[in-house]
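Q: I'd like to ask you about the structure that follows.
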Amino acid sequence: MPSRLRNTLFPLLLILTCPPTVLLAWHINANLNGSVSLFLQVILQNGFWNTLWQIWQPVFFGTIMAWKIIFIFMATQLLLLRIIPGARVTGPETAKGNIPIYKDNGFSCFLISIALFYFFAYPFALFSPTVVYDNFAGILGALNIFSLFFCLLLYLKGRFKPSSSDHSTTGNFIFDYYWGTELYPRILGWDIKQFTNCRFGMMSWPIIILSFAAKQAQSVGLHNSMLVSVIIMLVYIAKFFWWESGYLRSMDIMHDRAGFYICWGCLVWVPGIYTLPAMYLVNHPVNFPPVVALIIAIFGITCVMLNYFADAQRQKVRRTEGNCKVWGKNPELIHAEYTDQHGNQKQSLLLVSGWWGISRHFHYLLEISLAFFWTLPALFFNFLPWFYVIFLTILLVHRSYRDEQRCANKYGTYWKTYCERVPNKIIPW
């Protein structure tokens, strides 16, 4: 297939299928007992397009309450990002010499956001703690509409009023809308990807699952399966914001432009799909023996912490230029040379001991494992709550190939040497 046709059909397929998929996931969970097979029976009876329209039509444009919730949440996060103190951190220099600047106040904003939700929902009783669950279909409909137009705005901004020289178009509107036209767009001083990826997508996640837990508590009482799932997720999200400055130097930020792929994904896919296990547990409560619940929680939290330690280990080696200890020993390193975007010879350290000597992408295995443990409380009666785990596995395996290709192009023979010393890509031994 010609590359131009491929770069049109595949993005178009995702743009057309992902928005209704999020609504279908909610509908199957809320109205069909979480059963995908029951949904297929409905399709056979009523037809696919008729079924889809019946599901989407009532919330296609969202609801008034949903738009209020979204506006208040976005305004709160933009305000917190602006006023809460935080260190000034930078991302890596781009090929065109631009260095993005961020405020590192994510963990403080995370704690404040949860505190605001708790105090306004309980002591002050300004709204019900179940408000997100009760309006979730409308929220997803409104977010879909908002995000599709927001991505169009970003496309136009990258073409006609870019924030930096890191912008371009291919002449293929579908691909440019999907991939984005700017690497680091800013609007009124706010960095768009930090807002969409971190302060909306990741910050909405804890609020959503806390509302789901409140709904279960209101309906049938809070069961320990929900408690375990939510606790593991909250620890993971807390870890993310503690390490936010590291995420701002990841592939999502460094290489993926601000388009449908990243921005719609964080504004709609993260709230709608990443929360599926807790969403499912609202109507499918399970009470484990206390020791079983504790074991699942310990395994899940352990995976979160190991994931953090792995990332921190690599950062420490680079920060100290290898003058540190890794698992009590001097780190084993490959001093890789490469040519930067300006033609200058540079050197980078490739760590081949510690966590990074086990496999080249060991942290991806931990990501998949911790998602497995926060989904495990839903058990295996239905496919729906496991959709995120399957999606994440495909995403990270694909990303590992992108990582490897980028490193091979950058480091050449040094990367080949690294692969020989650490032969396993994701799964150790």
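Order determines the names: the first chain of the structure tokens is A, the second B, and so forth; residues in each chain are numbered 1 upward, and ligands are numbered 1 upward as they are shown.
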Using only C-alpha atoms, tabulate the residues of stretch 27-115 of chain A lying at most 10 Å from any atom of stretch 122-131 of chain A, each with its closest atom pair and that distance in Å to one decimal, by chain and increasing residue number, as CSV.
A:
```
residue,atom,partner,partner_atom,distance
A:Met65,CA,A:Val131,CA,9.3
A:Ala66,CA,A:Val131,CA,9.4
A:Ile69,CA,A:Val131,CA,8.8
```
Q: Give one line per residue of stretch 98-193 of chain A that approaches stretch 230-238 of chain A to at most 9 Å, naming the two atoms of the closest pair and their distance in Å to one decimal, counting only C-alpha atoms; sort by chain then ascending residue number and deliver it as CSV.
A:
```
residue,atom,partner,partner_atom,distance
A:Phe107,CA,A:Ala238,CA,6.8
A:Phe110,CA,A:Ala238,CA,7.3
A:Leu111,CA,A:Ala238,CA,8.5
```
Q: So that each row is one residue of stretch 181-292 of chain A with an atom at most 10 Å from stretch 139-151 of chain A, can you give its shortest atom pair and the distance in Å to one decimal, using only C-alpha atoms, rows by chain and rising number, as a Markdown table?
A:
```
| residue | atom | partner | partner_atom | distance |
| --- | --- | --- | --- | --- |
| A:Thr196 | CA | A:Ser147 | CA | 10.0 |
| A:Ala258 | CA | A:Cys151 | CA | 7.9 |
| A:Gly259 | CA | A:Cys151 | CA | 5.6 |
| A:Phe260 | CA | A:Cys151 | CA | 5.8 |
| A:Tyr261 | CA | A:Cys151 | CA | 9.4 |
| A:Ile262 | CA | A:Cys151 | CA | 9.6 |
| A:Cys263 | CA | A:Cys151 | CA | 7.0 |
| A:Trp264 | CA | A:Ser147 | CA | 5.5 |
| A:Gly265 | CA | A:Ser147 | CA | 9.0 |
| A:Cys266 | CA | A:Ser147 | CA | 9.5 |
| A:Leu267 | CA | A:Ser147 | CA | 6.7 |
| A:Val268 | CA | A:Leu143 | CA | 6.0 |
| A:Trp269 | CA | A:Leu140 | CA | 9.2 |
| A:Pro271 | CA | A:Leu140 | CA | 8.2 |
| A:Gly272 | CA | A:Leu140 | CA | 6.9 |
```
Q: I'd like the neighbourhood of A:Gly97 as a PyMOL selection string, where a residue qualifies if any of its atoms comes within 12 Å (using only C-alpha atoms), though same-chain residues fewer than 3 positions away should be ignored.
A: chain A and resi 91-94+100+164-166+340-342
Q: Can you write just those residues out, N, CA and C atoms, as a PDB file, in the first residue's frame?
A:
```pdb
ATOM      1  N   GLY A  91      12.448  20.544  28.951  1.00  0.00           N
ATOM      2  CA  GLY A  91      12.514  19.328  28.163  1.00  0.00           C
ATOM      3  C   GLY A  91      13.775  19.333  27.324  1.00  0.00           C
ATOM      4  N   PRO A  92      14.020  18.276  26.570  1.00  0.00           N
ATOM      5  CA  PRO A  92      15.215  18.215  25.729  1.00  0.00           C
ATOM      6  C   PRO A  92      15.127  19.200  24.562  1.00  0.00           C
ATOM      7  N   GLU A  93      16.276  19.650  24.117  1.00  0.00           N
ATOM      8  CA  GLU A  93      16.327  20.564  22.976  1.00  0.00           C
ATOM      9  C   GLU A  93      15.843  19.849  21.720  1.00  0.00           C
ATOM     10  N   THR A  94      15.041  20.526  20.935  1.00  0.00           N
ATOM     11  CA  THR A  94      14.489  19.932  19.721  1.00  0.00           C
ATOM     12  C   THR A  94      15.483  20.056  18.563  1.00  0.00           C
ATOM     13  N   PRO A 100      11.580  23.357  25.463  1.00  0.00           N
ATOM     14  CA  PRO A 100      10.316  23.617  26.160  1.00  0.00           C
ATOM     15  C   PRO A 100      10.542  23.817  27.658  1.00  0.00           C
ATOM     16  N   SER A 164       6.360  27.916  17.985  1.00  0.00           N
ATOM     17  CA  SER A 164       7.806  27.829  17.782  1.00  0.00           C
ATOM     18  C   SER A 164       8.067  27.352  16.362  1.00  0.00           C
ATOM     19  N   SER A 165       9.344  27.191  16.042  1.00  0.00           N
ATOM     20  CA  SER A 165       9.714  26.718  14.702  1.00  0.00           C
ATOM     21  C   SER A 165       9.493  25.219  14.541  1.00  0.00           C
ATOM     22  N   ASP A 166       9.120  24.504  15.613  1.00  0.00           N
ATOM     23  CA  ASP A 166       8.861  23.064  15.530  1.00  0.00           C
ATOM     24  C   ASP A 166       7.428  22.817  15.072  1.00  0.00           C
ATOM     25  N   ASP A 340      24.477  15.244  17.153  1.00  0.00           N
ATOM     26  CA  ASP A 340      23.216  15.906  17.445  1.00  0.00           C
ATOM     27  C   ASP A 340      22.690  16.644  16.220  1.00  0.00           C
ATOM     28  N   GLN A 341      21.563  17.344  16.402  1.00  0.00           N
ATOM     29  CA  GLN A 341      20.894  17.981  15.278  1.00  0.00           C
ATOM     30  C   GLN A 341      21.700  19.119  14.657  1.00  0.00           C
ATOM     31  N   HIS A 342      22.721  19.607  15.408  1.00  0.00           N
ATOM     32  CA  HIS A 342      23.548  20.683  14.877  1.00  0.00           C
ATOM     33  C   HIS A 342      24.868  20.173  14.293  1.00  0.00           C
TER      34      HIS A 342
END
```
Q: Which residues, written as a list in words, have at least one atom at most 12 Å from A:Tyr338, with only C-alpha atoms counted and residues fewer than 5 positions away on the same chain left out?
A: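 The filter keeps Gly343, Asn344, Gln345, Lys346, Gln347, Ser348, Leu349, Cys407, Ala408, Asn409, Lys410, Tyr411, Gly412, Thr413, Tyr414 and Trp415 of chain A.
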Q: I need the residues in stretch 197-279 of chain A that are helix (DSSP H, G or I) according to DSSP; give them as a ChimeraX atom specification.
A: /A:197-219,224-242,244-247,251-254,260-274,276-279
Q: Selected residues, C-alpha atoms, written as a PDB file, in the first residue's frame, please.
A:
```
ATOM      1  CA  ASN A 197      -1.790  14.761  28.907  1.00  0.00           C
ATOM      2  CA  CYS A 198      -1.136  15.516  32.559  1.00  0.00           C
ATOM      3  CA  ARG A 199      -3.552  18.053  33.974  1.00  0.00           C
ATOM      4  CA  PHE A 200      -6.711  16.844  32.268  1.00  0.00           C
ATOM      5  CA  GLY A 201      -6.231  13.219  31.234  1.00  0.00           C
ATOM      6  CA  MET A 202      -4.207  11.975  34.192  1.00  0.00           C
ATOM      7  CA  MET A 203      -5.768  14.383  36.720  1.00  0.00           C
ATOM      8  CA  SER A 204      -9.338  13.448  35.778  1.00  0.00           C
ATOM      9  CA  TRP A 205      -8.561   9.755  36.289  1.00  0.00           C
ATOM     10  CA  PRO A 206      -8.437   9.843  40.137  1.00  0.00           C
ATOM     11  CA  ILE A 207     -11.552  12.027  40.376  1.00  0.00           C
ATOM     12  CA  ILE A 208     -13.477   9.661  38.098  1.00  0.00           C
ATOM     13  CA  ILE A 209     -12.584   6.473  39.975  1.00  0.00           C
ATOM     14  CA  LEU A 210     -13.284   8.103  43.348  1.00  0.00           C
ATOM     15  CA  SER A 211     -16.753   9.003  42.061  1.00  0.00           C
ATOM     16  CA  PHE A 212     -17.197   5.412  40.840  1.00  0.00           C
ATOM     17  CA  ALA A 213     -16.223   4.119  44.289  1.00  0.00           C
ATOM     18  CA  ALA A 214     -18.706   6.547  45.873  1.00  0.00           C
ATOM     19  CA  LYS A 215     -21.427   5.212  43.567  1.00  0.00           C
ATOM     20  CA  GLN A 216     -20.777   1.634  44.647  1.00  0.00           C
ATOM     21  CA  ALA A 217     -20.730   2.704  48.300  1.00  0.00           C
ATOM     22  CA  GLN A 218     -24.065   4.452  47.801  1.00  0.00           C
ATOM     23  CA  SER A 219     -25.659   1.542  45.927  1.00  0.00           C
ATOM     24  CA  ASN A 224     -12.831  -4.487  49.007  1.00  0.00           C
ATOM     25  CA  SER A 225     -12.442  -5.332  45.306  1.00  0.00           C
ATOM     26  CA  MET A 226     -13.252  -1.712  44.409  1.00  0.00           C
ATOM     27  CA  LEU A 227     -11.031  -0.492  47.235  1.00  0.00           C
ATOM     28  CA  VAL A 228      -8.043  -2.512  46.013  1.00  0.00           C
ATOM     29  CA  SER A 229      -8.478  -1.458  42.383  1.00  0.00           C
ATOM     30  CA  VAL A 230      -8.814   2.232  43.256  1.00  0.00           C
ATOM     31  CA  ILE A 231      -5.890   2.208  45.701  1.00  0.00           C
ATOM     32  CA  ILE A 232      -3.502   0.691  43.138  1.00  0.00           C
ATOM     33  CA  MET A 233      -4.631   3.224  40.526  1.00  0.00           C
ATOM     34  CA  LEU A 234      -4.228   6.136  42.962  1.00  0.00           C
ATOM     35  CA  VAL A 235      -0.705   5.033  43.898  1.00  0.00           C
ATOM     36  CA  TYR A 236       0.170   4.787  40.208  1.00  0.00           C
ATOM     37  CA  ILE A 237      -1.259   8.252  39.453  1.00  0.00           C
ATOM     38  CA  ALA A 238       0.519   9.728  42.480  1.00  0.00           C
ATOM     39  CA  LYS A 239       3.757   8.201  41.169  1.00  0.00           C
ATOM     40  CA  PHE A 240       3.088   9.755  37.764  1.00  0.00           C
ATOM     41  CA  PHE A 241       2.743  13.258  39.179  1.00  0.00           C
ATOM     42  CA  TRP A 242       5.715  12.808  41.522  1.00  0.00           C
ATOM     43  CA  GLU A 244       5.931  14.372  36.023  1.00  0.00           C
ATOM     44  CA  SER A 245       9.151  16.155  35.042  1.00  0.00           C
ATOM     45  CA  GLY A 246      10.474  12.788  33.831  1.00  0.00           C
ATOM     46  CA  TYR A 247       7.327  12.149  31.793  1.00  0.00           C
ATOM     47  CA  MET A 251       8.451   9.880  23.797  1.00  0.00           C
ATOM     48  CA  ASP A 252       4.838  11.101  24.203  1.00  0.00           C
ATOM     49  CA  ILE A 253       6.115  14.639  24.694  1.00  0.00           C
ATOM     50  CA  MET A 254       9.416  14.646  22.786  1.00  0.00           C
ATOM     51  CA  PHE A 260      -5.814  13.755  17.609  1.00  0.00           C
ATOM     52  CA  TYR A 261      -3.447  10.903  18.518  1.00  0.00           C
ATOM     53  CA  ILE A 262      -2.204  12.522  21.721  1.00  0.00           C
ATOM     54  CA  CYS A 263      -4.706  15.251  22.612  1.00  0.00           C
ATOM     55  CA  TRP A 264      -7.990  13.472  21.855  1.00  0.00           C
ATOM     56  CA  GLY A 265      -6.492  10.366  23.441  1.00  0.00           C
ATOM     57  CA  CYS A 266      -5.752  12.139  26.723  1.00  0.00           C
ATOM     58  CA  LEU A 267      -8.966  14.177  26.780  1.00  0.00           C
ATOM     59  CA  VAL A 268     -11.362  11.295  25.974  1.00  0.00           C
ATOM     60  CA  TRP A 269      -9.650   7.882  25.786  1.00  0.00           C
ATOM     61  CA  VAL A 270      -7.926   8.156  29.185  1.00  0.00           C
ATOM     62  CA  PRO A 271     -11.093   9.126  31.125  1.00  0.00           C
ATOM     63  CA  GLY A 272     -13.279   6.671  29.223  1.00  0.00           C
ATOM     64  CA  ILE A 273     -11.058   3.586  28.891  1.00  0.00           C
ATOM     65  CA  TYR A 274      -8.396   3.714  31.618  1.00  0.00           C
ATOM     66  CA  LEU A 276     -12.942   0.686  32.949  1.00  0.00           C
ATOM     67  CA  PRO A 277     -12.081  -1.694  35.834  1.00  0.00           C
ATOM     68  CA  ALA A 278     -13.532   0.673  38.447  1.00  0.00           C
ATOM     69  CA  MET A 279     -16.490   1.454  36.184  1.00  0.00           C
TER      70      MET A 279
END
```
Q: Considering only C-alpha atoms, state which residue in the set A:Pro423, A:Gly158, A:Gly34, A:Gly354 is at the smallest distance from A:Val326.
A: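 Nearest candidate to A:Val326 out of A:Pro423, A:Gly158, A:Gly34, A:Gly354: A:Gly354.
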Q: By how many Å are atom CA of A:Ala310 and atom CA of A:Leu350 apart?
A: 13.7 Å
Q: To one decimal in Å, tell me the separation between atom CA of A:Tyr401 and atom CA of A:Arg360.
A: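 So the answer is 11.1 Å.
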Q: Grab the atom CA of A:His255 to atom CA of A:Gly189 distance for me, in Å with one decimal place.
A: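 Pair atom CA of A:His255 / atom CA of A:Gly189 returns 20.9 Å.
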Q: What's around stretch 361-370 of chain A at 6 Å? Count only C-alpha atoms, leave out sequence neighbours fewer than 5 positions away in its own chain, and write the answer as a PDB file with N, CA and C atoms, in the first residue's frame.
A:
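This went into part24.pdb:
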```pdb
ATOM      1  N   GLY A 300       0.190  -5.177  43.259  1.00  0.00           N
ATOM      2  CA  GLY A 300      -0.024  -4.019  42.395  1.00  0.00           C
ATOM      3  C   GLY A 300       0.847  -2.846  42.780  1.00  0.00           C
ATOM      4  N   CYS A 303       4.507  -3.371  41.878  1.00  0.00           N
ATOM      5  CA  CYS A 303       4.790  -3.107  40.467  1.00  0.00           C
ATOM      6  C   CYS A 303       4.907  -1.607  40.200  1.00  0.00           C
ATOM      7  N   ASN A 307       8.384   0.144  38.990  1.00  0.00           N
ATOM      8  CA  ASN A 307       8.354   0.971  37.787  1.00  0.00           C
ATOM      9  C   ASN A 307       9.004   2.329  38.044  1.00  0.00           C
ATOM     10  N   LYS A 425      14.025  -7.934  24.836  1.00  0.00           N
ATOM     11  CA  LYS A 425      13.398  -6.615  24.611  1.00  0.00           C
ATOM     12  C   LYS A 425      12.521  -6.208  25.784  1.00  0.00           C
ATOM     13  N   ILE A 426      11.550  -7.017  26.181  1.00  0.00           N
ATOM     14  CA  ILE A 426      10.634  -6.661  27.256  1.00  0.00           C
ATOM     15  C   ILE A 426      10.623  -7.719  28.361  1.00  0.00           C
TER      16      ILE A 426
END
```
Q: So which residues touch A:Arg88 within 8 Å, counting only C-alpha atoms, skipping near sequence neighbours fewer than 4 positions away, as a ChimeraX atom specification?
A: /A:101-104
Q: Let me make sure I understand: among A:Pro285, A:His167, A:Cys109, A:Ile298, which one has the smallest atom-to-atom distance to A:Thr76 if we use only C-alpha atoms?
A: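 Going through A:Pro285, A:His167, A:Cys109, A:Ile298 one by one, the smallest distance to A:Thr76 is for A:Cys109.
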Q: Pick from A:Phe136, A:Phe160, A:Tyr155, A:Phe195: nearest to A:Asn29, with only C-alpha atoms counted?
A: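 Looking at the shortest contact to A:Asn29, the residue is A:Phe136.
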Q: A:Ala378, A:Ile427, A:Cys419, A:Leu9: which is nearest A:Asn283, counting only C-alpha atoms?
A: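 Selected residue with least distance to A:Asn283: A:Ala378.
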